[in-house]
$ cat start_14.txt   # compact mmCIF, C-alpha atoms
# COMPACT_ATOMS: atom_id res chain seq x y z
CA MET A 947 -2.80 25.43 -16.52
CA TYR A 948 -6.32 26.37 -15.46
CA SER A 949 -8.52 24.50 -17.91
CA GLN A 950 -7.83 21.13 -16.24
CA TYR A 951 -9.46 22.12 -12.95
CA LYS A 952 -12.82 20.46 -12.39
CA HIS A 953 -13.26 21.88 -8.91
CA THR A 954 -12.38 25.17 -7.23
CA ILE A 955 -12.41 25.53 -3.46
CA SER A 956 -12.42 29.15 -2.32
CA TRP A 957 -11.58 30.56 1.10
CA VAL A 958 -11.65 34.17 2.24
CA VAL A 959 -8.96 35.72 4.44
CA SER A 960 -9.92 38.90 6.28
CA GLN A 961 -8.53 40.80 9.24
CA ASP A 962 -12.11 41.55 10.20
CA GLN A 963 -13.00 38.86 12.75
CA ASN A 964 -16.58 38.79 11.45
CA VAL A 965 -15.70 38.26 7.80
CA GLY A 966 -14.25 35.30 5.93
CA ASP A 967 -12.91 31.88 6.81
CA PHE A 968 -9.48 32.85 8.20
CA ASN A 969 -7.85 35.90 9.75
CA SER A 970 -4.39 35.31 8.27
CA ILE A 971 -2.94 33.96 5.05
CA LEU A 972 -0.84 31.47 7.01
CA GLN A 973 -3.99 30.00 8.56
CA ALA A 974 -5.45 29.41 5.11
CA ILE A 975 -2.27 27.81 3.81
CA SER A 976 -2.07 25.57 6.88
CA ALA A 977 -5.60 24.34 6.08
CA LEU A 978 -4.60 23.07 2.63
CA PRO A 979 -4.89 19.27 2.46
CA SER A 980 -1.68 17.27 2.60
CA HIS A 981 -2.95 15.08 -0.24
CA GLU A 982 -3.08 17.10 -3.45
CA ILE A 983 -5.80 16.56 -6.06
CA ASN A 984 -4.64 17.62 -9.51
CA ASP A 985 -8.09 18.61 -10.78
CA THR A 986 -8.82 20.85 -7.77
CA CYS A 987 -7.75 24.47 -7.45
CA TYR A 988 -7.56 26.15 -4.04
CA GLN A 989 -8.32 29.85 -4.27
CA ILE A 990 -7.39 32.00 -1.28
CA ILE A 991 -9.13 35.36 -1.59
CA ILE A 992 -7.41 38.00 0.54
CA LYS A 993 -9.31 41.09 1.66
CA ASN A 994 -7.61 44.47 1.88
CA GLY A 995 -5.24 44.88 4.78
CA GLN A 996 -1.62 44.93 5.90
CA TYR A 997 -0.62 41.29 6.47
CA ARG A 998 2.62 41.07 8.43
CA GLU A 999 3.43 37.49 7.48
CA ARG A 1000 6.09 35.33 5.85
CA ILE A 1001 4.48 33.00 3.35
CA HIS A 1002 5.99 29.70 2.24
CA LEU A 1003 3.73 27.91 -0.24
CA THR A 1004 4.64 24.33 -1.19
CA HIS A 1005 1.17 23.18 -2.26
CA ASN A 1006 0.49 23.01 -6.01
CA ASN A 1007 -2.60 24.49 -7.68
CA VAL A 1008 -3.09 27.40 -5.28
CA GLN A 1009 -4.16 30.93 -6.15
CA LEU A 1010 -3.53 33.92 -3.89
CA ILE A 1011 -5.97 36.62 -5.02
CA GLY A 1012 -5.96 40.02 -3.36
CA GLU A 1013 -8.87 42.43 -3.27
CA ASP A 1014 -6.86 45.46 -4.44
CA ALA A 1015 -3.18 45.44 -5.41
CA GLU A 1016 -2.43 48.70 -3.62
CA LYS A 1017 -4.43 47.88 -0.49
CA THR A 1018 -3.75 44.16 -0.01
CA ILE A 1019 -0.19 44.11 1.28
CA ILE A 1020 1.99 41.25 2.49
CA SER A 1021 5.14 42.55 4.14
CA MET A 1022 8.08 41.51 6.27
CA SER A 1023 11.50 42.94 7.13
CA LEU A 1024 14.42 40.58 6.58
CA CYS A 1025 17.82 40.63 4.91
CA ASN A 1026 20.55 38.14 4.06
CA GLN A 1027 22.62 38.82 7.17
CA MET A 1028 19.85 39.37 9.72
CA ILE A 1029 19.74 36.75 12.50
CA VAL A 1030 16.29 35.14 12.71
CA GLN A 1031 14.46 33.62 15.69
CA ASP A 1032 16.20 30.25 15.58
CA GLY A 1033 19.62 31.97 15.58
CA SER A 1034 20.40 31.22 11.95
CA ILE A 1035 21.33 33.62 9.15
CA PRO A 1036 18.91 33.23 6.24
CA GLY A 1037 21.16 34.13 3.32
CA THR A 1038 19.68 35.53 0.13
CA TYR A 1039 17.42 32.55 -0.58
CA GLY A 1040 15.94 32.69 2.92
CA SER A 1041 15.46 36.46 3.06
CA ASN A 1042 12.08 36.43 1.31
CA THR A 1043 8.66 37.71 2.32
CA VAL A 1044 6.81 35.26 0.04
CA ASN A 1045 8.23 31.98 -1.27
CA ILE A 1046 6.25 30.19 -3.98
CA ASP A 1047 7.89 26.76 -4.09
CA ALA A 1048 5.19 24.91 -6.02
CA SER A 1049 3.69 24.47 -9.49
CA ASN A 1050 0.57 25.83 -11.18
CA CYS A 1051 0.15 28.75 -8.80
CA LYS A 1052 -1.28 32.19 -9.42
CA ILE A 1053 -0.70 35.47 -7.58
CA LYS A 1054 -2.99 38.39 -8.39
CA ASN A 1055 -3.83 41.86 -7.05
CA LEU A 1056 -1.24 41.92 -4.26
CA THR A 1057 1.62 44.06 -3.01
CA ILE A 1058 4.50 41.98 -1.68
CA CYS A 1059 7.08 44.02 0.17
CA ASN A 1060 10.32 43.37 2.00
CA ASP A 1061 10.63 46.56 4.02
CA PHE A 1062 14.12 46.00 5.38
CA ASP A 1063 15.40 49.57 5.87
CA PHE A 1064 18.02 49.57 3.15
CA ILE A 1065 18.49 53.34 3.22
CA ALA A 1066 19.02 53.53 6.99
CA ASN A 1067 21.53 50.69 6.67
CA GLN A 1068 23.42 52.59 3.96
CA GLN A 1069 23.73 55.56 6.29
CA ARG A 1070 25.27 53.53 9.12
CA ASP A 1071 29.03 53.36 9.48
CA VAL A 1072 30.44 49.93 8.63
CA THR A 1073 31.74 49.68 12.21
CA ASP A 1074 28.20 50.05 13.57
CA PRO A 1075 27.14 46.64 15.01
CA HIS A 1076 23.71 47.18 13.43
CA HIS A 1077 25.17 47.65 9.96
CA CYS A 1078 24.47 44.79 7.52
CA LYS A 1079 27.09 44.15 4.86
CA HIS A 1080 24.88 41.76 2.89
CA THR A 1081 21.61 43.58 2.24
CA GLN A 1082 19.83 41.16 -0.08
CA SER A 1083 16.16 41.36 0.88
CA VAL A 1084 13.85 39.39 -1.39
CA ALA A 1085 10.17 40.30 -1.66
CA LEU A 1086 9.07 37.37 -3.87
CA LEU A 1087 11.02 34.14 -4.31
CA LEU A 1088 10.06 31.57 -6.91
CA GLY A 1089 11.79 28.65 -5.25
CA HIS A 1090 13.72 25.65 -6.51
CA HIS A 1091 10.49 23.66 -7.06
CA ALA A 1092 8.48 26.49 -8.60
CA ASP A 1093 7.12 26.13 -12.12
CA GLN A 1094 4.25 27.58 -14.13
CA VAL A 1095 3.70 30.53 -11.80
CA TYR A 1096 1.34 33.21 -13.12
CA CYS A 1097 1.62 36.69 -11.60
CA GLU A 1098 -0.96 39.30 -12.57
CA ASN A 1099 -1.21 42.89 -11.33
CA ILE A 1100 1.17 42.46 -8.42
CA ARG A 1101 3.55 45.03 -6.93
CA LEU A 1102 6.95 43.83 -5.70
CA ILE A 1103 8.84 46.29 -3.51
CA SER A 1104 12.32 46.12 -2.00
CA TYR A 1105 15.77 47.50 -2.79
CA HIS A 1106 18.32 44.68 -3.13
CA ASP A 1107 17.23 41.45 -4.89
CA THR A 1108 13.49 42.18 -4.96
CA LEU A 1109 12.43 39.31 -7.24
CA TYR A 1110 14.33 36.02 -7.16
CA VAL A 1111 13.32 33.72 -10.04
CA SER A 1112 15.45 30.78 -8.98
CA ALA A 1113 13.86 28.13 -11.20
CA GLY A 1114 10.99 27.13 -13.45
CA ARG A 1115 8.76 29.10 -15.78
CA SER A 1116 6.83 32.20 -14.80
CA TYR A 1117 4.74 34.90 -16.42
CA PHE A 1118 4.31 38.44 -15.11
CA ASP A 1119 1.49 40.48 -16.60
CA ASN A 1120 0.86 44.14 -15.78
CA CYS A 1121 3.09 44.02 -12.70
CA MET A 1122 5.44 46.48 -11.02
CA VAL A 1123 8.88 45.52 -9.71
CA SER A 1124 10.99 48.11 -7.91
CA GLY A 1125 14.49 48.00 -6.47
CA CYS A 1126 18.06 49.12 -6.99
CA ILE A 1127 20.60 46.26 -6.96
CA ASP A 1128 20.07 43.17 -9.15
CA PHE A 1129 16.40 43.40 -8.32
CA ILE A 1130 15.27 40.81 -10.86
CA PHE A 1131 17.64 37.86 -10.77
CA GLY A 1132 18.03 34.10 -10.93
CA ALA A 1133 18.24 31.08 -13.20
CA GLY A 1134 14.55 30.66 -14.02
CA GLN A 1135 12.64 31.63 -17.14
CA ALA A 1136 10.31 34.63 -16.86
CA LEU A 1137 8.32 36.70 -19.32
CA PHE A 1138 7.44 40.22 -18.21
CA HIS A 1139 4.57 41.61 -20.27
CA GLU A 1140 3.57 45.27 -19.98
CA CYS A 1141 5.28 45.60 -16.61
CA ASP A 1142 6.81 48.66 -14.95
CA ILE A 1143 10.41 48.10 -13.83
CA VAL A 1144 11.18 50.94 -11.42
CA ALA A 1145 14.69 51.99 -10.34
CA ARG A 1146 14.60 53.40 -6.83
CA LYS A 1147 16.29 56.39 -5.30
CA HIS A 1148 18.61 55.59 -2.42
CA VAL A 1149 21.57 56.98 -0.53
CA ASN A 1150 24.78 56.62 -2.52
CA PRO A 1151 27.50 57.04 0.14
CA THR A 1152 30.38 56.12 -2.17
CA LYS A 1153 29.32 58.84 -4.64
CA GLU A 1154 29.77 56.35 -7.45
CA LYS A 1155 28.05 57.01 -10.74
CA ILE A 1156 26.53 53.53 -10.79
CA TRP A 1157 23.46 53.28 -8.57
CA GLY A 1158 22.22 49.84 -9.51
CA TYR A 1159 21.32 47.09 -11.95
CA LEU A 1160 17.88 45.97 -13.09
CA ALA A 1161 18.51 42.31 -13.93
CA ALA A 1162 21.10 39.69 -13.01
CA PRO A 1163 20.26 36.48 -14.88
CA SER A 1164 22.12 33.25 -14.18
CA THR A 1165 20.42 31.22 -16.91
CA ASN A 1166 22.01 27.84 -17.50
CA ILE A 1167 23.60 27.52 -20.91
CA THR A 1168 21.22 24.63 -21.74
CA GLN A 1169 18.18 26.93 -21.46
CA PRO A 1170 17.34 28.90 -24.60
CA HIS A 1171 16.01 31.92 -22.74
CA GLY A 1172 15.90 33.49 -19.30
CA PHE A 1173 14.30 36.91 -18.72
CA ILE A 1174 12.20 38.50 -21.47
CA PHE A 1175 10.91 42.05 -21.00
CA TYR A 1176 8.22 42.63 -23.63
CA HIS A 1177 6.48 45.99 -24.02
CA CYS A 1178 7.63 47.04 -20.55
CA ARG A 1179 8.39 50.49 -19.16
CA LEU A 1180 11.76 51.05 -17.49
CA LEU A 1181 11.03 53.89 -15.10
CA LYS A 1182 12.78 55.65 -12.22
CA GLU A 1183 11.82 57.31 -8.98
CA GLU A 1184 12.27 61.06 -8.69
CA GLY A 1185 15.86 61.93 -7.87
CA VAL A 1186 17.49 59.04 -9.72
CA PRO A 1187 20.18 60.61 -11.94
CA LYS A 1188 20.74 60.07 -15.63
CA ARG A 1189 22.85 57.09 -16.73
CA SER A 1190 23.00 55.60 -13.24
CA TYR A 1191 21.44 52.15 -13.77
CA ALA A 1192 22.43 49.23 -15.99
CA LEU A 1193 19.93 47.05 -17.81
CA GLY A 1194 21.66 44.10 -16.22
CA ARG A 1195 24.83 42.18 -15.54
CA PRO A 1196 25.78 38.47 -15.79
CA TRP A 1197 25.49 36.60 -12.50
CA HIS A 1198 27.62 33.47 -12.14
CA PRO A 1199 26.58 32.24 -8.67
CA THR A 1200 29.28 30.69 -6.52
CA THR A 1201 28.62 26.94 -6.73
CA LEU A 1202 30.14 23.85 -5.13
CA PHE A 1203 31.74 21.50 -7.68
CA GLU A 1204 33.87 18.37 -7.22
CA ASP A 1205 37.04 20.41 -7.71
CA GLY A 1206 36.08 23.38 -5.56
CA ARG A 1207 33.67 26.23 -4.98
CA TYR A 1208 33.64 28.94 -7.61
CA ALA A 1209 31.51 30.93 -10.06
CA ASP A 1210 29.34 28.66 -12.19
CA PRO A 1211 30.84 28.74 -15.72
CA ASN A 1212 27.60 27.34 -17.18
CA ALA A 1213 25.47 30.24 -15.96
CA ILE A 1214 25.42 32.11 -19.25
CA GLY A 1215 22.66 34.55 -18.39
CA HIS A 1216 20.02 35.43 -20.96
CA CYS A 1217 18.09 38.69 -20.83
CA ALA A 1218 16.20 40.45 -23.63
CA PHE A 1219 14.38 43.77 -23.79
CA LEU A 1220 11.88 43.91 -26.65
CA TYR A 1221 9.70 46.92 -27.54
CA CYS A 1222 10.39 48.59 -24.18
CA GLN A 1223 10.20 52.28 -23.26
CA ILE A 1224 13.34 53.29 -21.37
CA ASP A 1225 13.88 56.38 -19.22
CA ASP A 1226 17.18 58.30 -19.09
CA HIS A 1227 18.59 56.52 -16.02
CA ILE A 1228 19.76 53.56 -18.11
CA TYR A 1229 23.32 53.53 -19.49
CA GLY A 1230 23.55 50.03 -20.98
CA TRP A 1231 24.87 46.73 -19.60
CA ASP A 1232 27.63 46.06 -17.09
CA LYS A 1233 30.05 43.41 -15.83
CA MET A 1234 29.87 41.35 -12.62
CA GLY A 1235 32.55 39.78 -10.47
CA GLY A 1236 32.98 36.17 -9.42
CA LYS A 1237 35.54 33.73 -8.04
CA SER A 1238 37.53 31.60 -10.45
CA ALA A 1239 38.37 27.92 -9.92
CA SER A 1240 41.82 29.00 -8.70
CA GLY A 1241 40.25 31.26 -6.09
CA ASP A 1242 41.07 34.55 -7.80
CA MET A 1243 38.60 37.33 -8.45
CA MET A 1244 37.51 37.60 -12.08
CA TRP A 1245 35.11 39.70 -14.11
CA PHE A 1246 32.32 38.43 -16.34
CA GLU A 1247 31.77 40.96 -19.10
CA PRO A 1248 28.35 41.55 -20.68
CA GLU A 1249 29.74 40.30 -24.00
CA SER A 1250 30.11 36.84 -22.41
CA ALA A 1251 26.38 36.68 -21.63
CA ARG A 1252 23.30 36.47 -23.83
CA PHE A 1253 22.06 40.05 -23.61
CA GLU A 1254 19.73 41.23 -26.36
CA GLU A 1255 17.71 44.28 -27.37
CA TYR A 1256 15.09 44.89 -30.04
CA GLN A 1257 13.02 47.91 -31.04
CA ASN A 1258 13.31 49.78 -27.73
CA CYS A 1259 12.79 53.52 -27.43
CA LEU A 1260 13.24 56.43 -25.06
CA PHE A 1261 10.36 56.79 -22.62
CA ALA A 1262 9.98 60.49 -23.44
CA HIS A 1263 10.19 59.87 -27.20
CA PRO A 1264 8.18 56.76 -28.20
CA ARG A 1265 9.05 57.22 -31.87
CA SER A 1266 12.78 57.14 -31.17
CA SER A 1267 15.11 54.17 -31.46
CA LEU A 1268 17.39 53.18 -28.59
CA SER A 1269 20.05 50.49 -28.49
CA PHE A 1270 23.00 49.99 -26.14
CA PHE A 1271 24.39 46.61 -27.09
CA ASN A 1272 23.78 43.72 -29.46
CA PRO A 1273 20.52 44.75 -31.17
CA LEU A 1274 18.80 41.66 -32.50
CA PRO A 1275 18.18 41.27 -36.22
CA SER A 1276 14.46 41.09 -36.98
CA GLN A 1277 14.64 37.41 -37.91
CA LYS A 1278 16.29 36.43 -34.62
CA ALA A 1279 13.86 38.57 -32.63
CA GLU A 1280 10.97 36.79 -34.33
CA GLN A 1281 12.53 33.41 -33.57
CA LEU A 1282 12.94 34.35 -29.91
CA MET A 1283 9.31 35.46 -29.63
CA GLN A 1284 8.12 32.29 -31.34
CA HIS A 1285 10.08 30.15 -28.92
CA VAL A 1286 8.73 32.01 -25.89
CA HIS A 1287 5.21 31.77 -27.31
CA PHE A 1288 5.58 28.00 -27.74
CA SER A 1289 6.86 27.66 -24.16
CA LEU A 1290 3.89 29.64 -22.82
CA GLN A 1291 1.39 27.62 -24.84
CA GLN A 1292 2.46 24.48 -23.02
CA TRP A 1293 0.96 25.77 -19.78
CA LEU A 1294 -1.09 28.86 -20.71
CA PRO A 1295 -2.77 27.71 -23.93
CA ALA A 1296 -5.40 30.48 -23.89
CA LEU A 1297 -2.80 33.23 -23.63
CA SER A 1298 -1.91 35.26 -26.70
CA VAL A 1299 0.93 37.63 -25.84
CA PHE A 1300 2.59 37.90 -29.23
CA GLY A 1301 -0.59 37.83 -31.31
$ encode --input "start_14.txt" --output "structure tokens"
Amino acid sequence: MYSQYKHTISWVVSQDQNVGDFNSILQAISALPSHEINDTCYQIIIKNGQYRERIHLTHNNVQLIGEDAEKTIISMSLCNQMIVQDGSIPGTYGSNTVNIDASNCKIKNLTICNDFDFIANQQRDVTDPHHCKHTQSVALLLGHHADQVYCENIRLISYHDTLYVSAGRSYFDNCMVSGCIDFIFGAGQALFHECDIVARKHVNPTKEKIWGYLAAPSTNITQPHGFIFYHCRLLKEEGVPKRSYALGRPWHPTTLFEDGRYADPNAIGHCAFLYCQIDDHIYGWDKMGGKSASGDMMWFEPESARFEEYQNCLFAHPRSSLSFFNPLPSQKAEQLMQHVHFSLQQWLPALSVFG
């Protein structure tokens, strides 16, 4: 991915008028040339600050490098149902703070936050005109044209649908992703290495025992793998009760076909947790609803997906063994890791995750 670059052009973004080349990230992105040069990398170095911007990156070979992950913050407030300036409703795909819709991009040392007030919305009565029924609020979207996206030491913060990996291949190293409902989801392939996956506390007005779901993969059946969590920590915020979150559930997105609009039968989600430390808020896997071809509501059970576990343990007891469903035999776990390693080597040849 990076070894082919012969030239690197660096710009500095700073909110200090006397420092850097630009005062906003959008200004720097707007300055990218329309004609891309494959051997040139554009590095946008972002100084500490609170950047209230929506970023849509369609230029390949761009790196967004923050000064400090906790102090360089890109944020916006938007949800699926919220009407935007042009009068449209963005939907889940359009509810993002940052959209990386390009190839060979890197994001490092940043916090990306969608600060839509999910909790305040939960507390509103459904008859309140300000209440949003559809609260999907994406922090980071890897768009339909995204591929080979490398995320290092980034913090992704929202509640509902925090990270949308809609397509392509991505690698997350030493990152933090927090949320409550399906907060890592999509059809893309992503490896999470030594990441913290944090279940958030929120208001639970229905008093249901289930508070949320970590992952909702919609991996196409033709893809051998979807989401891999390798040596990650599955943590929770203070106040999150025991056995209140699922590892994941199978998402079959409603899709338009020649014979109608219904849940995609080919979205056989894949999700694997390998060598992870898991806190006591996790209870296993769960089902997810969808619309059948006849228009009826149906349930997709976790047994119908490709959900896998291997050598996980309780966070408080690292020497323990923990398995909820379908523990992988050692040989199959090794085959999975070899396949993921081979996939990574195609675009990150210097990386040695499984060594």
$ residues_around --input "start_14.txt" --residues "Gly1230 (chain A)" --least-positions-apart "5" --cutoff "12 Å" --atoms "only C-alpha atoms" --output "CSV table (one decimal) with C-alpha atoms, in the coordinates of the input"
chain,number,residue,atom,x,y,z
A,1156,ILE,CA,26.5,53.5,-10.8
A,1158,GLY,CA,22.2,49.8,-9.5
A,1159,TYR,CA,21.3,47.1,-12.0
A,1160,LEU,CA,17.9,46.0,-13.1
A,1161,ALA,CA,18.5,42.3,-13.9
A,1188,LYS,CA,20.7,60.1,-15.6
A,1189,ARG,CA,22.8,57.1,-16.7
A,1190,SER,CA,23.0,55.6,-13.2
A,1191,TYR,CA,21.4,52.2,-13.8
A,1192,ALA,CA,22.4,49.2,-16.0
A,1193,LEU,CA,19.9,47.0,-17.8
A,1194,GLY,CA,21.7,44.1,-16.2
A,1195,ARG,CA,24.8,42.2,-15.5
A,1219,PHE,CA,14.4,43.8,-23.8
A,1224,ILE,CA,13.3,53.3,-21.4
A,1225,ASP,CA,13.9,56.4,-19.2
A,1248,PRO,CA,28.4,41.6,-20.7
A,1249,GLU,CA,29.7,40.3,-24.0
A,1253,PHE,CA,22.1,40.0,-23.6
A,1254,GLU,CA,19.7,41.2,-26.4
A,1255,GLU,CA,17.7,44.3,-27.4
A,1268,LEU,CA,17.4,53.2,-28.6
A,1269,SER,CA,20.0,50.5,-28.5
A,1270,PHE,CA,23.0,50.0,-26.1
A,1271,PHE,CA,24.4,46.6,-27.1
A,1272,ASN,CA,23.8,43.7,-29.5
A,1273,PRO,CA,20.5,44.8,-31.2
$ residues_around --input "start_14.txt" --residues "region 1081-1097 of chain A" --least-positions-apart "2" --cutoff "7 Å" --atoms "only C-alpha atoms" --output "number ranges by chain"
A: 1024-1027, 1038, 1041-1054, 1058-1060, 1062, 1078-1079, 1099-1100, 1102-1104, 1106-1119, 1293
$ write_last_selection --input "start_14.txt" --atoms "C-alpha atoms" --output "PDB file, keeping the file's coordinate frame"
ATOM      1  CA  LEU A1024      14.420  40.580   6.580  1.00  0.00           C
ATOM      2  CA  CYS A1025      17.820  40.630   4.910  1.00  0.00           C
ATOM      3  CA  ASN A1026      20.550  38.140   4.060  1.00  0.00           C
ATOM      4  CA  GLN A1027      22.620  38.820   7.170  1.00  0.00           C
ATOM      5  CA  THR A1038      19.680  35.530   0.130  1.00  0.00           C
ATOM      6  CA  SER A1041      15.460  36.460   3.060  1.00  0.00           C
ATOM      7  CA  ASN A1042      12.080  36.430   1.310  1.00  0.00           C
ATOM      8  CA  THR A1043       8.660  37.710   2.320  1.00  0.00           C
ATOM      9  CA  VAL A1044       6.810  35.260   0.040  1.00  0.00           C
ATOM     10  CA  ASN A1045       8.230  31.980  -1.270  1.00  0.00           C
ATOM     11  CA  ILE A1046       6.250  30.190  -3.980  1.00  0.00           C
ATOM     12  CA  ASP A1047       7.890  26.760  -4.090  1.00  0.00           C
ATOM     13  CA  ALA A1048       5.190  24.910  -6.020  1.00  0.00           C
ATOM     14  CA  SER A1049       3.690  24.470  -9.490  1.00  0.00           C
ATOM     15  CA  ASN A1050       0.570  25.830 -11.180  1.00  0.00           C
ATOM     16  CA  CYS A1051       0.150  28.750  -8.800  1.00  0.00           C
ATOM     17  CA  LYS A1052      -1.280  32.190  -9.420  1.00  0.00           C
ATOM     18  CA  ILE A1053      -0.700  35.470  -7.580  1.00  0.00           C
ATOM     19  CA  LYS A1054      -2.990  38.390  -8.390  1.00  0.00           C
ATOM     20  CA  ILE A1058       4.500  41.980  -1.680  1.00  0.00           C
ATOM     21  CA  CYS A1059       7.080  44.020   0.170  1.00  0.00           C
ATOM     22  CA  ASN A1060      10.320  43.370   2.000  1.00  0.00           C
ATOM     23  CA  PHE A1062      14.120  46.000   5.380  1.00  0.00           C
ATOM     24  CA  CYS A1078      24.470  44.790   7.520  1.00  0.00           C
ATOM     25  CA  LYS A1079      27.090  44.150   4.860  1.00  0.00           C
ATOM     26  CA  ASN A1099      -1.210  42.890 -11.330  1.00  0.00           C
ATOM     27  CA  ILE A1100       1.170  42.460  -8.420  1.00  0.00           C
ATOM     28  CA  LEU A1102       6.950  43.830  -5.700  1.00  0.00           C
ATOM     29  CA  ILE A1103       8.840  46.290  -3.510  1.00  0.00           C
ATOM     30  CA  SER A1104      12.320  46.120  -2.000  1.00  0.00           C
ATOM     31  CA  HIS A1106      18.320  44.680  -3.130  1.00  0.00           C
ATOM     32  CA  ASP A1107      17.230  41.450  -4.890  1.00  0.00           C
ATOM     33  CA  THR A1108      13.490  42.180  -4.960  1.00  0.00           C
ATOM     34  CA  LEU A1109      12.430  39.310  -7.240  1.00  0.00           C
ATOM     35  CA  TYR A1110      14.330  36.020  -7.160  1.00  0.00           C
ATOM     36  CA  VAL A1111      13.320  33.720 -10.040  1.00  0.00           C
ATOM     37  CA  SER A1112      15.450  30.780  -8.980  1.00  0.00           C
ATOM     38  CA  ALA A1113      13.860  28.130 -11.200  1.00  0.00           C
ATOM     39  CA  GLY A1114      10.990  27.130 -13.450  1.00  0.00           C
ATOM     40  CA  ARG A1115       8.760  29.100 -15.780  1.00  0.00           C
ATOM     41  CA  SER A1116       6.830  32.200 -14.800  1.00  0.00           C
ATOM     42  CA  TYR A1117       4.740  34.900 -16.420  1.00  0.00           C
ATOM     43  CA  PHE A1118       4.310  38.440 -15.110  1.00  0.00           C
ATOM     44  CA  ASP A1119       1.490  40.480 -16.600  1.00  0.00           C
ATOM     45  CA  TRP A1293       0.960  25.770 -19.780  1.00  0.00           C
TER      46      TRP A1293
END
$ residues_near_point --input "start_14.txt" --point "(-2.2, 34.6, 10.3)" --cutoff "10 Å" --atoms "all atoms listed in the file" --output "ChimeraX atom specification"
/A:959-961,968-976,997-1001
$ closest_residue --input "start_14.txt" --among "A:His1198, A:Lys1155, A:Arg1101, A:Arg1179" --to "Cys1222 (chain A)" --atoms "all atoms listed in the file"
A:Arg1179
$ closest_residue --input "start_14.txt" --among "A:Met1028, A:Tyr1256, A:Ser1124, A:Glu1140" --to "His1077 (chain A)" --atoms "only C-alpha atoms"
A:Met1028
$ decode --input "start_14.txt" --residues "region 976-991 of chain A" --atoms "N, CA and C atoms" --output "short mmCIF file (atom, residue, chain, number, x, y, z; two decimals), in the first residue's frame"
data_model
loop_
_atom_site.label_atom_id
_atom_site.label_comp_id
_atom_site.auth_asym_id
_atom_site.auth_seq_id
_atom_site.Cartn_x
_atom_site.Cartn_y
_atom_site.Cartn_z
N SER A 976 -10.42 19.98 -0.34
CA SER A 976 -10.80 20.71 -1.56
C SER A 976 -9.59 21.05 -2.41
N ALA A 977 -8.41 21.14 -1.79
CA ALA A 977 -7.19 21.49 -2.52
C ALA A 977 -6.55 20.29 -3.21
N LEU A 978 -7.05 19.08 -2.95
CA LEU A 978 -6.48 17.90 -3.60
C LEU A 978 -6.69 18.00 -5.11
N PRO A 979 -5.70 17.61 -5.90
CA PRO A 979 -5.83 17.73 -7.36
C PRO A 979 -6.89 16.79 -7.91
N SER A 980 -7.58 17.22 -8.93
CA SER A 980 -8.60 16.38 -9.55
C SER A 980 -7.99 15.20 -10.28
N HIS A 981 -6.75 15.38 -10.75
CA HIS A 981 -6.05 14.30 -11.45
C HIS A 981 -5.16 13.56 -10.46
N GLU A 982 -5.47 12.31 -10.19
CA GLU A 982 -4.71 11.54 -9.21
C GLU A 982 -3.43 10.98 -9.82
N ILE A 983 -2.38 10.95 -9.01
CA ILE A 983 -1.10 10.37 -9.40
C ILE A 983 -0.84 9.20 -8.46
N ASN A 984 -0.77 8.00 -9.00
CA ASN A 984 -0.73 6.80 -8.17
C ASN A 984 0.50 6.71 -7.28
N ASP A 985 1.62 7.32 -7.69
CA ASP A 985 2.83 7.21 -6.88
C ASP A 985 2.99 8.36 -5.90
N THR A 986 1.94 9.16 -5.72
CA THR A 986 2.00 10.31 -4.82
C THR A 986 0.97 10.16 -3.71
N CYS A 987 1.45 10.32 -2.48
CA CYS A 987 0.59 10.27 -1.31
C CYS A 987 0.37 11.69 -0.79
N TYR A 988 -0.87 12.01 -0.46
CA TYR A 988 -1.20 13.32 0.11
C TYR A 988 -1.48 13.12 1.60
N GLN A 989 -0.63 13.72 2.41
CA GLN A 989 -0.72 13.58 3.86
C GLN A 989 -1.26 14.88 4.46
N ILE A 990 -2.42 14.78 5.08
CA ILE A 990 -3.04 15.94 5.73
C ILE A 990 -2.84 15.79 7.23
N ILE A 991 -1.97 16.61 7.79
CA ILE A 991 -1.63 16.56 9.21
C ILE A 991 -2.53 17.54 9.95
#
